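Chemist: Below you'll find the structure I mean.
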Amino acid sequence: MNLSVNIGKLKLKNPVMTASGTFGYGEEYSEFVDLNRLGAVVVKGLSLTPREGNPPPRIIETPAGMLNAIGLQNIGIEVFIKDKLPFLRQFHTPVIANFFGDTVEEYSEAAKRLSDIEDIHGLEMNISCPNKHAGWIIFGTDPKVTFEVVSAVRRATHLPLIVKLSPNVTDIALMAKVAEDAGADAVSMINTITGMSIDIKTRRPRLANMTGGLSGPTIKPIAVRMVYEAYRAVKIPIIGMGGIMKAEDAIEFMLAGATAVAAGTANFVNPTVTIDIIHGIESFMKENSIVDVKELIGALRC
Amino acid sequence: MNLSVNIGKLKLKNPVMTASGTFGYGEEYSEFVDLNRLGAVVVKGLSLTPREGNPPPRIIETPAGMLNAIGLQNIGIEVFIKDKLPFLRQFHTPVIANFFGDTVEEYSEAAKRLSDIEDIHGLEMNISCPNKHAGWIIFGTDPKVTFEVVSAVRRATHLPLIVKLSPNVTDIALMAKVAEDAGADAVSMINTITGMSIDIKTRRPRLANMTGGLSGPTIKPIAVRMVYEAYRAVKIPIIGMGGIMKAEDAIEFMLAGATAVAAGTANFVNPTVTIDIIHGIESFMKENSIVDVKELIGALRC
Amino acid sequence: MSRYFRAEIKENRPVDKSYNILGLKPLKPSREPEPGQFYMIGIGGEYDPLLKRPFSVFRKNSDGFQILYRIKGRGTLLMRDMKEGVVIDVLGPLGNSYPLPDKGQIPLIVAGGIGIASVFSLAEKLSGESYMFYGARNRDELLMLNELKGLAEELFISTDDGSSGRKGTIADVLNDFLTHPSPVTQAKACGYSIYACGPKPMLEAVSRIAIDKGLNGYVSLEENMACGVGACLGCVVKTREGYKRVCKEGPVFPIEEIVW
Amino acid sequence: MSRYFRAEIKENRPVDKSYNILGLKPLKPSREPEPGQFYMIGIGGEYDPLLKRPFSVFRKNSDGFQILYRIKGRGTLLMRDMKEGVVIDVLGPLGNSYPLPDKGQIPLIVAGGIGIASVFSLAEKLSGESYMFYGARNRDELLMLNELKGLAEELFISTDDGSSGRKGTIADVLNDFLTHPSPVTQAKACGYSIYACGPKPMLEAVSRIAIDKGLNGYVSLEENMACGVGACLGCVVKTREGYKRVCKEGPVFPIEEIVW
Ligand SMILES: Cc1cc2nc3c(=O)[nH]c(=O)nc-3n(C[C@H](O)[C@H](O)[C@H](O)COP(=O)(O)OP(=O)(O)OC[C@H]3O[C@@H](n4cnc5c(N)ncnc54)[C@H](O)[C@@H]3O)c2cc1C
Ligand SMILES: Cc1cc2nc3c(=O)[nH]c(=O)nc-3n(C[C@H](O)[C@H](O)[C@H](O)COP(=O)(O)OP(=O)(O)OC[C@H]3O[C@@H](n4cnc5c(N)ncnc54)[C@H](O)[C@@H]3O)c2cc1C
Ligand SMILES: Cc1cc2nc3c(=O)[nH]c(=O)nc-3n(C[C@H](O)[C@H](O)[C@H](O)COP(=O)(O)O)c2cc1C
Ligand SMILES: Cc1cc2nc3c(=O)[nH]c(=O)nc-3n(C[C@H](O)[C@H](O)[C@H](O)COP(=O)(O)O)c2cc1C
Ligand code: FES
Ligand code: FES
């Protein structure tokens, strides 16, 4: 039985990864999960310099989901390399660094810096961030800007480059195509969907930041649809995520067109979920006499 | 205590309406709900000629929500006028006719026909429908097309015109503004969000139509955010909906900027939900010494 | 008498590994259900599961009524854990019911699997006049056999694996019965009227037999439902006159109407 | 010994209208909790509610441990209905714990409302050496008074409405105690160490008193949590060194660190 898949030139021993921002720097969950078992570890989004993030409350629960407004708090690339990467180096699992910037230049510089480091095996660029030079409009919602920033990062790195798409767009297939055209090796989707919740007693937003990103089972139907739309538009692999809670969900994403998948919010509910998903995919393959997990990719019947 | 609100020149005795497609033609729920109590009854979407709709399965449940692919099945405007409107005429509650077309011309014609009829008090145009003349791309996702179709309908009717916005867009505030500029008296939001679900055993989509519209509590955080964004962009009233299950939810939408609200999927879960919401708003106003429900509109504190 | 009411759970007991009987007592006067009608049953949880689940009325009793349900997915799994004394939301009785046979017609009741839940009360109502055909996957999935015995003039059984009754489908048994009618039935019959509830392939086979033999009859259909009252247009099936709603024009349809 | 385990509910009994004690027995060996640590408790429902809820360890017992919880929102409402024998998912013990007082220091334990749940086991551990200050809204919300009596050298009580103990806030009582120390405490004390858990305004008031009087001490904080293990950065509070995670660097923080 073969579970391995490829994301560009990056070979994963199985298609199950962690979603950025939900698995810390790997260490936090290492007492529950043997990191060697994972397809890849994707770490919390990094920027050139540390970020403080938003004031609390940063998370609230919603029906079958949650809103978060962490505000991209992170320790910065240098501290990550010095304090967190050595731990991850112990494992023979690819480390994918998720990163972002406020400007195209910051994106390139961050990509360059991360590419110099041994034992970072891939980059995932988060384009759901506001562009300082364009009135703080999100990089990932304007095809022209997306093309520009992805092209710039492409020039800055030789590592496999994954572009993490924002779902807050009219046409996700177009955005995936733009990323492909700009040189991405893969796209990952979906990032959180912007939402808001108001406390009617205080009349204030329940998140200090007003709005936050919706994740969890609640967004799965939207995420699956987007993966399906993108799959028909691009040739590069898709990493599917959004509400994956169990193996069945992961398989659903693969049938829709995902080459690999990531569990995000599910880690909070079940810290061993990634391993459970790997086991579940194996059982499913056995029961259905599937010898190569790649047979599932895009195998939806219409 | 005043609960009445205005949608253009239409006066509602309270802000609670029914969401199109979830309340049939009023008759279906009249044994559970005194229709005279409602702010308005919005009927299932109508077209010039009857539509057959999609093959079953048309609905499936998702976490805290549901996907539907009814495919706009309806009896057509003429049969509605002849067979369904007489029942609604018995009540002193405004009837709002939701309608759609495949072309700009069909939209205008439908609007014209409905405007000739006594006891239709307002029109809600559903622009989440594919445009036959533009490769079946949704009317409500391209600002230019939206402007064109709303302008045409505006010319065709003297009735209060509500434009029902699609949430499957990058910038809902822009779409609301376009509707306003084209002459809408109000916007309603949100329509369902496109989603998909796959049965991993059969590898087929669980809806015969592949994709469907997501509704219910699951979409509320997204809907509230969109109402809030639109509220800052337009002066015309907003009718808020998307996952309203109880009075607290309705109030949340009003604080975000909605002048009126509609319950949709909630009717399926609790057939008396509209009345429960009206009672709940009244209790909330009493407890908080609010004399006019309009005080709640956009009263979010930041 | 509102069709939307709260009801207390009086019993919720297994009748087999994956089948339970749920006894409900409406907390206010509610309408009498007719055979073939159904209820939408609310399952706890705040918003997940969200929708009510449709179940046929199985039997009326002194408290109110019972449903017989198969534990199938997450909703019915949660239902199995609902405790006596708990109060739930119920909508119903909904839909139409089985029309009674014309005078002199012999009613042939055909049930496949959990379809028995829907036709049981019809057999009761026909008080021993019907011939009943009941098929299931295996012996264990044949439910309520004792109760059924007195209910029909004759009871024919089949199982897919032959573990009880005839091996094969219940449609085959029905076909044989109609092809070689017994002298008794032949003598009595001013024709037959068929009442079938069960999985789609079985209903289709039964319908073909009925049409072949020129018999009239009815099938009770299932489709995913949201509202149960005809408002959402979610539960349609294809008929000769276009899509019809299972919850409103159905669940019972004349056999000749359905487009399979 | 994994900090993620399943546990059987041994008891779930009301101690007051809106407070329950939940007794849990881990189904496999689990780590011993220290006073101040907490658990993330899984609540049924498939995906709604989705997240686990954080609760302090209240007491250890022979089965495992107990938590004392206030029925507050929809999660704890559902928790109240969880029955004995049911098995749930638990993560913990998590976070840091109350550092013990330096030699000779008199521990002053300050609890506001449900804050008592967190400091109770600290008082037990300090076996009668502490002075305890416990405030609540009213007499009914003062929990576990009998159990508390033996636990501290002295127990001071206040209620907002004066229905029991002194009328006013427990911070005021603490302030009085520190302003007019009894001869006994004065004789004994090589200083005090404060341990406070309760609503934010109370913790802020206690912190101000501590800083005023130059005492060191600790507050246990709450913030909405998703992961409980430091991964999501959801539960931060503002400290002099930037945001820190309640679930990892806390929930117990030195008073001087917090920026209110
Ligand atoms: C008119 C009618 C009468 C019925 N009577 C009975 C009965 O007496 N006893 C019995 O055991 N079952 C009956 N069913 C089927 C029963 O409704 C489903 O088995 C049940 O809804 C499954 O719910 P679940 O959550 O366990 O399954 P899931 O598959 O998890 O349900 C997911 C969704 O699909 C819907 N669904 C799944 N299967 C069916 C189905 N076969 N029909 C309609 N909706 C379905 C559910 O209602 C739910 O919305 C009847 C169905 C209909 C339409
Ligand atoms: C470290 C720690 C220890 C705690 N110890 C106890 C204890 O021993 N006894 C006790 O009764 N309560 C304790 N709490 C508070 C308890 O977690 C909340 O009361 C509980 O989560 C409320 O859940 P709910 O679903 O009933 O409320 P809801 O308001 O419906 O919950 C909605 C969401 O907000 C979160 N939330 C709500 N209130 C709080 C809060 N005060 N702190 C953190 N998250 C919150 C919930 O976890 C949930 O995610 C503790 C909190 C923390 C952070
Ligand atoms: C608390 C939290 C923090 C996140 N941080 C990041 C981040 O730093 N970078 C990023 O690209 N995505 C981030 N995400 C998005 C997730 O990686 C993922 O795309 C999203 O949550 C959908 O998957 P899920 O439903 O499985 O959680 C974050 C999500 C959550 C819930
Ligand atoms: C079964 C169903 C049918 C619907 N039909 C229509 C329709 O005909 N026209 C329309 O504008 N919106 C239609 N809608 C969208 C609803 O009016 C509403 O905008 C949406 O469901 C979100 O609200 P809710 O979450 O309260 O259901 C339909 C929704 C559902 C669930
Ligand atoms: S279930 Fe809504 S129309 Fe039948
Ligand atoms: S709850 Fe996730 S970091 Fe504390």
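Letters for chains follow the order of the structure tokens (A, B, ...), residue numbers begin at 1 for each chain, and ligand numbers begin at 1 in the order shown.
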Can you tell me which residues sit at most 8 Å away from ligand 1, counting only C-alpha atoms and all ligand atoms, written as a ChimeraX atom specification?
Modeler: /B:59-61 /C:19,37-39,49,51-58,67-78,95,114-118,220-226,235,246-247,250-251
Chemist: Which residues are near ligand 4 - at most 7 Å, using only C-alpha atoms and all ligand atoms? Format: as a PyMOL selection string.
Modeler: (chain B and resi 19-22+44-45+68+70+72+98+125-126+164+189-192+215-217+219+241-244+262-266) or (chain C and resi 232-234)
Chemist: Using only N, CA, C and O atoms, please write the residues we just selected to a file, as a compact mmCIF listing (two decimals), in the first residue's frame.
Modeler:
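Result file follows (again.txt):
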# COMPACT_ATOMS: atom_id res chain seq x y z
N ALA B 19 -37.48 34.15 4.96
CA ALA B 19 -36.50 34.13 3.87
C ALA B 19 -37.07 33.34 2.70
O ALA B 19 -37.66 32.27 2.88
N SER B 20 -36.89 33.88 1.53
CA SER B 20 -37.46 33.25 0.33
C SER B 20 -37.01 31.79 0.19
O SER B 20 -35.85 31.45 0.40
N GLY B 21 -37.96 30.95 -0.15
CA GLY B 21 -37.64 29.55 -0.43
C GLY B 21 -37.71 28.67 0.79
O GLY B 21 -37.58 27.45 0.69
N THR B 22 -37.91 29.29 1.95
CA THR B 22 -37.95 28.50 3.18
C THR B 22 -39.33 28.56 3.84
O THR B 22 -39.52 27.99 4.91
N LYS B 44 -41.36 32.02 -2.12
CA LYS B 44 -40.39 31.26 -2.91
C LYS B 44 -40.13 31.95 -4.24
O LYS B 44 -41.06 32.48 -4.86
N GLY B 45 -38.89 31.93 -4.70
CA GLY B 45 -38.51 32.63 -5.92
C GLY B 45 -39.34 32.24 -7.14
O GLY B 45 -39.54 31.05 -7.39
N ASN B 68 -28.62 23.06 0.01
CA ASN B 68 -29.76 22.78 -0.84
C ASN B 68 -29.45 23.07 -2.29
O ASN B 68 -28.67 23.97 -2.61
N ILE B 70 -32.26 23.12 -4.77
CA ILE B 70 -33.64 23.00 -5.24
C ILE B 70 -33.68 23.30 -6.74
O ILE B 70 -34.48 22.73 -7.48
N LEU B 72 -34.32 26.25 -8.01
CA LEU B 72 -35.32 27.29 -8.27
C LEU B 72 -36.63 26.76 -8.84
O LEU B 72 -37.33 27.43 -9.60
N ASN B 98 -40.27 37.25 -4.35
CA ASN B 98 -38.89 37.01 -4.77
C ASN B 98 -38.94 36.46 -6.19
O ASN B 98 -39.79 35.64 -6.51
N MET B 125 -35.32 40.80 -5.78
CA MET B 125 -34.72 40.12 -6.93
C MET B 125 -33.52 39.31 -6.49
O MET B 125 -32.59 39.79 -5.86
N ASN B 126 -33.58 38.04 -6.86
CA ASN B 126 -32.50 37.11 -6.52
C ASN B 126 -31.49 37.16 -7.65
O ASN B 126 -31.79 36.73 -8.76
N LYS B 164 -31.29 40.99 -3.58
CA LYS B 164 -30.74 39.95 -2.69
C LYS B 164 -29.35 39.58 -3.16
O LYS B 164 -29.15 38.97 -4.21
N MET B 189 -29.35 40.25 2.49
CA MET B 189 -28.15 39.41 2.47
C MET B 189 -28.12 38.60 3.75
O MET B 189 -28.59 39.07 4.77
N ILE B 190 -27.62 37.38 3.67
CA ILE B 190 -26.96 36.81 2.52
C ILE B 190 -27.80 35.67 1.95
O ILE B 190 -28.55 35.02 2.68
N ASN B 191 -27.63 35.46 0.66
CA ASN B 191 -28.12 34.25 0.05
C ASN B 191 -27.19 33.12 0.49
O ASN B 191 -26.23 33.35 1.22
N THR B 192 -27.45 31.93 0.05
CA THR B 192 -26.63 30.79 0.48
C THR B 192 -25.22 30.86 -0.12
O THR B 192 -25.01 31.45 -1.17
N SER B 215 -26.72 26.97 4.15
CA SER B 215 -27.52 27.87 4.99
C SER B 215 -27.55 27.34 6.41
O SER B 215 -27.06 26.25 6.69
N GLY B 216 -28.12 28.12 7.30
CA GLY B 216 -28.24 27.70 8.70
C GLY B 216 -27.20 28.33 9.59
O GLY B 216 -26.39 29.16 9.15
N PRO B 217 -27.19 27.95 10.88
CA PRO B 217 -26.32 28.59 11.88
C PRO B 217 -24.85 28.65 11.45
O PRO B 217 -24.11 29.56 11.82
N ILE B 219 -23.51 29.55 8.77
CA ILE B 219 -23.09 30.71 7.98
C ILE B 219 -23.27 32.04 8.71
O ILE B 219 -22.90 33.09 8.20
N MET B 241 -29.92 38.24 6.97
CA MET B 241 -30.31 36.85 7.19
C MET B 241 -29.10 35.96 7.01
O MET B 241 -28.06 36.37 6.48
N GLY B 242 -29.24 34.71 7.44
CA GLY B 242 -28.15 33.75 7.38
C GLY B 242 -27.97 33.16 8.76
O GLY B 242 -27.26 33.70 9.59
N GLY B 243 -28.67 32.06 9.01
CA GLY B 243 -28.49 31.36 10.27
C GLY B 243 -29.21 31.95 11.46
O GLY B 243 -28.90 31.60 12.60
N ILE B 244 -30.18 32.80 11.22
CA ILE B 244 -30.93 33.34 12.37
C ILE B 244 -31.84 32.25 12.93
O ILE B 244 -32.71 31.74 12.23
N ALA B 262 -34.54 38.19 8.36
CA ALA B 262 -35.38 37.10 7.89
C ALA B 262 -34.87 35.79 8.45
O ALA B 262 -33.67 35.57 8.58
N ALA B 263 -35.83 34.93 8.80
CA ALA B 263 -35.48 33.58 9.23
C ALA B 263 -35.71 32.64 8.06
O ALA B 263 -36.76 32.69 7.42
N GLY B 264 -34.74 31.80 7.78
CA GLY B 264 -34.84 30.86 6.67
C GLY B 264 -34.86 29.42 7.16
O GLY B 264 -35.89 28.91 7.59
N THR B 265 -33.69 28.81 7.14
CA THR B 265 -33.54 27.42 7.56
C THR B 265 -34.19 27.16 8.92
O THR B 265 -34.68 26.06 9.18
N ALA B 266 -34.20 28.16 9.79
CA ALA B 266 -34.77 28.01 11.11
C ALA B 266 -36.23 27.55 11.07
O ALA B 266 -36.68 26.82 11.97
N CYS C 232 -40.07 23.59 1.51
CA CYS C 232 -38.69 23.77 1.01
C CYS C 232 -38.47 23.15 -0.36
O CYS C 232 -37.46 23.42 -1.00
N LEU C 233 -39.36 22.30 -0.80
CA LEU C 233 -39.23 21.60 -2.09
C LEU C 233 -38.00 20.71 -2.11
O LEU C 233 -37.44 20.43 -3.17
N GLY C 234 -37.59 20.27 -0.95
CA GLY C 234 -36.37 19.46 -0.87
C GLY C 234 -36.60 18.00 -1.17
O GLY C 234 -35.69 17.30 -1.62
Chemist: Counting only C-alpha atoms, which residues of chain B come no farther than 9 Å from chain C, as JSON, numbers by chain?
Modeler: {"B": [21, 22, 23, 24, 25, 26, 27, 28, 29, 31, 32, 44, 52, 53, 55, 56, 57, 58, 59, 60, 61, 62, 63, 64, 65, 66, 68, 69, 70, 73, 216, 217, 218, 265, 267, 268, 269, 270, 271, 272]}
Chemist: What is the CA of Lys10 (chain C) to CA of Glu84 (chain C) distance in Å?
Modeler: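 Separating CA of Lys10 (chain C) from CA of Glu84 (chain C) is a distance of 5.4 Å.
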Chemist: At a cut-off of 7 Å, list the chain B residues touching chain A, using only C-alpha atoms, as a PyMOL selection string.
Modeler: chain B and resi 63-64+141+168-170+194-198+200+203-204+217-218+221-222+224-225+251-252+300-302
Chemist: Can you work out which one of D:Ile43, D:Cys197, D:Ala7, D:Leu22 has the shortest atom-to-atom distance to chain C, counting only C-alpha atoms?
Modeler: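 Ranked by minimum distance to chain C, first place goes to D:Ile43.
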Chemist: Got a sec: who's within 9 Å of region 158-167 of chain C, counting only C-alpha atoms, leaving out chain neighbours fewer than 3 positions off, as JSON, numbers by chain?
Modeler: {"C": [133, 134, 135, 136, 137, 138, 139, 140, 141, 142, 170, 173]}
Chemist: Env of His158 (chain B): 10 Å cut, atoms = only C-alpha atoms, seq-sep filter 2 positions within chain, self excluded. Answer as an mmCIF file with N, CA and C atoms, in the first residue's frame.
Modeler:
data_model
loop_
_atom_site.group_PDB
_atom_site.id
_atom_site.type_symbol
_atom_site.label_atom_id
_atom_site.label_comp_id
_atom_site.auth_asym_id
_atom_site.auth_seq_id
_atom_site.Cartn_x
_atom_site.Cartn_y
_atom_site.Cartn_z
ATOM 1 N N ALA B 111 -40.476 41.474 -13.317
ATOM 2 C CA ALA B 111 -40.730 42.589 -12.404
ATOM 3 C C ALA B 111 -41.965 43.356 -12.837
ATOM 4 N N LYS B 112 -42.077 43.586 -14.142
ATOM 5 C CA LYS B 112 -43.217 44.316 -14.679
ATOM 6 C C LYS B 112 -44.525 43.573 -14.364
ATOM 7 N N SER B 115 -45.491 43.742 -10.818
ATOM 8 C CA SER B 115 -45.840 45.090 -10.364
ATOM 9 C C SER B 115 -47.271 45.457 -10.718
ATOM 10 N N ASP B 116 -47.818 44.760 -11.676
ATOM 11 C CA ASP B 116 -49.204 45.024 -12.084
ATOM 12 C C ASP B 116 -50.212 44.485 -11.078
ATOM 13 N N GLY B 122 -43.921 44.366 -2.506
ATOM 14 C CA GLY B 122 -42.510 44.626 -2.730
ATOM 15 C C GLY B 122 -41.919 43.509 -3.556
ATOM 16 N N LEU B 123 -40.769 43.797 -4.170
ATOM 17 C CA LEU B 123 -40.083 42.783 -4.969
ATOM 18 C C LEU B 123 -38.692 42.544 -4.399
ATOM 19 N N VAL B 153 -34.396 46.360 -13.902
ATOM 20 C CA VAL B 153 -35.555 46.037 -13.063
ATOM 21 C C VAL B 153 -36.102 47.305 -12.408
ATOM 22 N N ARG B 154 -35.176 48.186 -12.007
ATOM 23 C CA ARG B 154 -35.621 49.454 -11.407
ATOM 24 C C ARG B 154 -36.553 50.213 -12.351
ATOM 25 N N ARG B 155 -36.189 50.213 -13.630
ATOM 26 C CA ARG B 155 -37.023 50.897 -14.616
ATOM 27 C C ARG B 155 -38.365 50.191 -14.789
ATOM 28 N N ALA B 156 -38.403 48.916 -14.468
ATOM 29 C CA ALA B 156 -39.604 48.120 -14.749
ATOM 30 C C ALA B 156 -40.610 48.112 -13.603
ATOM 31 N N PRO B 160 -41.336 48.839 -4.086
ATOM 32 C CA PRO B 160 -40.068 48.802 -3.343
ATOM 33 C C PRO B 160 -39.239 47.629 -3.851
ATOM 34 N N LEU B 161 -37.980 47.913 -4.188
ATOM 35 C CA LEU B 161 -37.135 46.892 -4.815
ATOM 36 C C LEU B 161 -35.979 46.512 -3.892
#
Chemist: Please run DSSP on the backbone and report, as number ranges by chain, all residues within region 71-274 of chain B that come out as helix (DSSP H, G or I).
Modeler: B: 77-89, 104-115, 132-134, 139-141, 143-156, 172-181, 217-231, 247-256, 266-269, 273-274
Chemist: Write out as number ranges by chain which residues come within 7 Å of region 174-177 of chain A when counting only C-alpha atoms, dropping same-chain ones fewer than 5 positions away.
Modeler: A: 143, 187, 230, 233-234
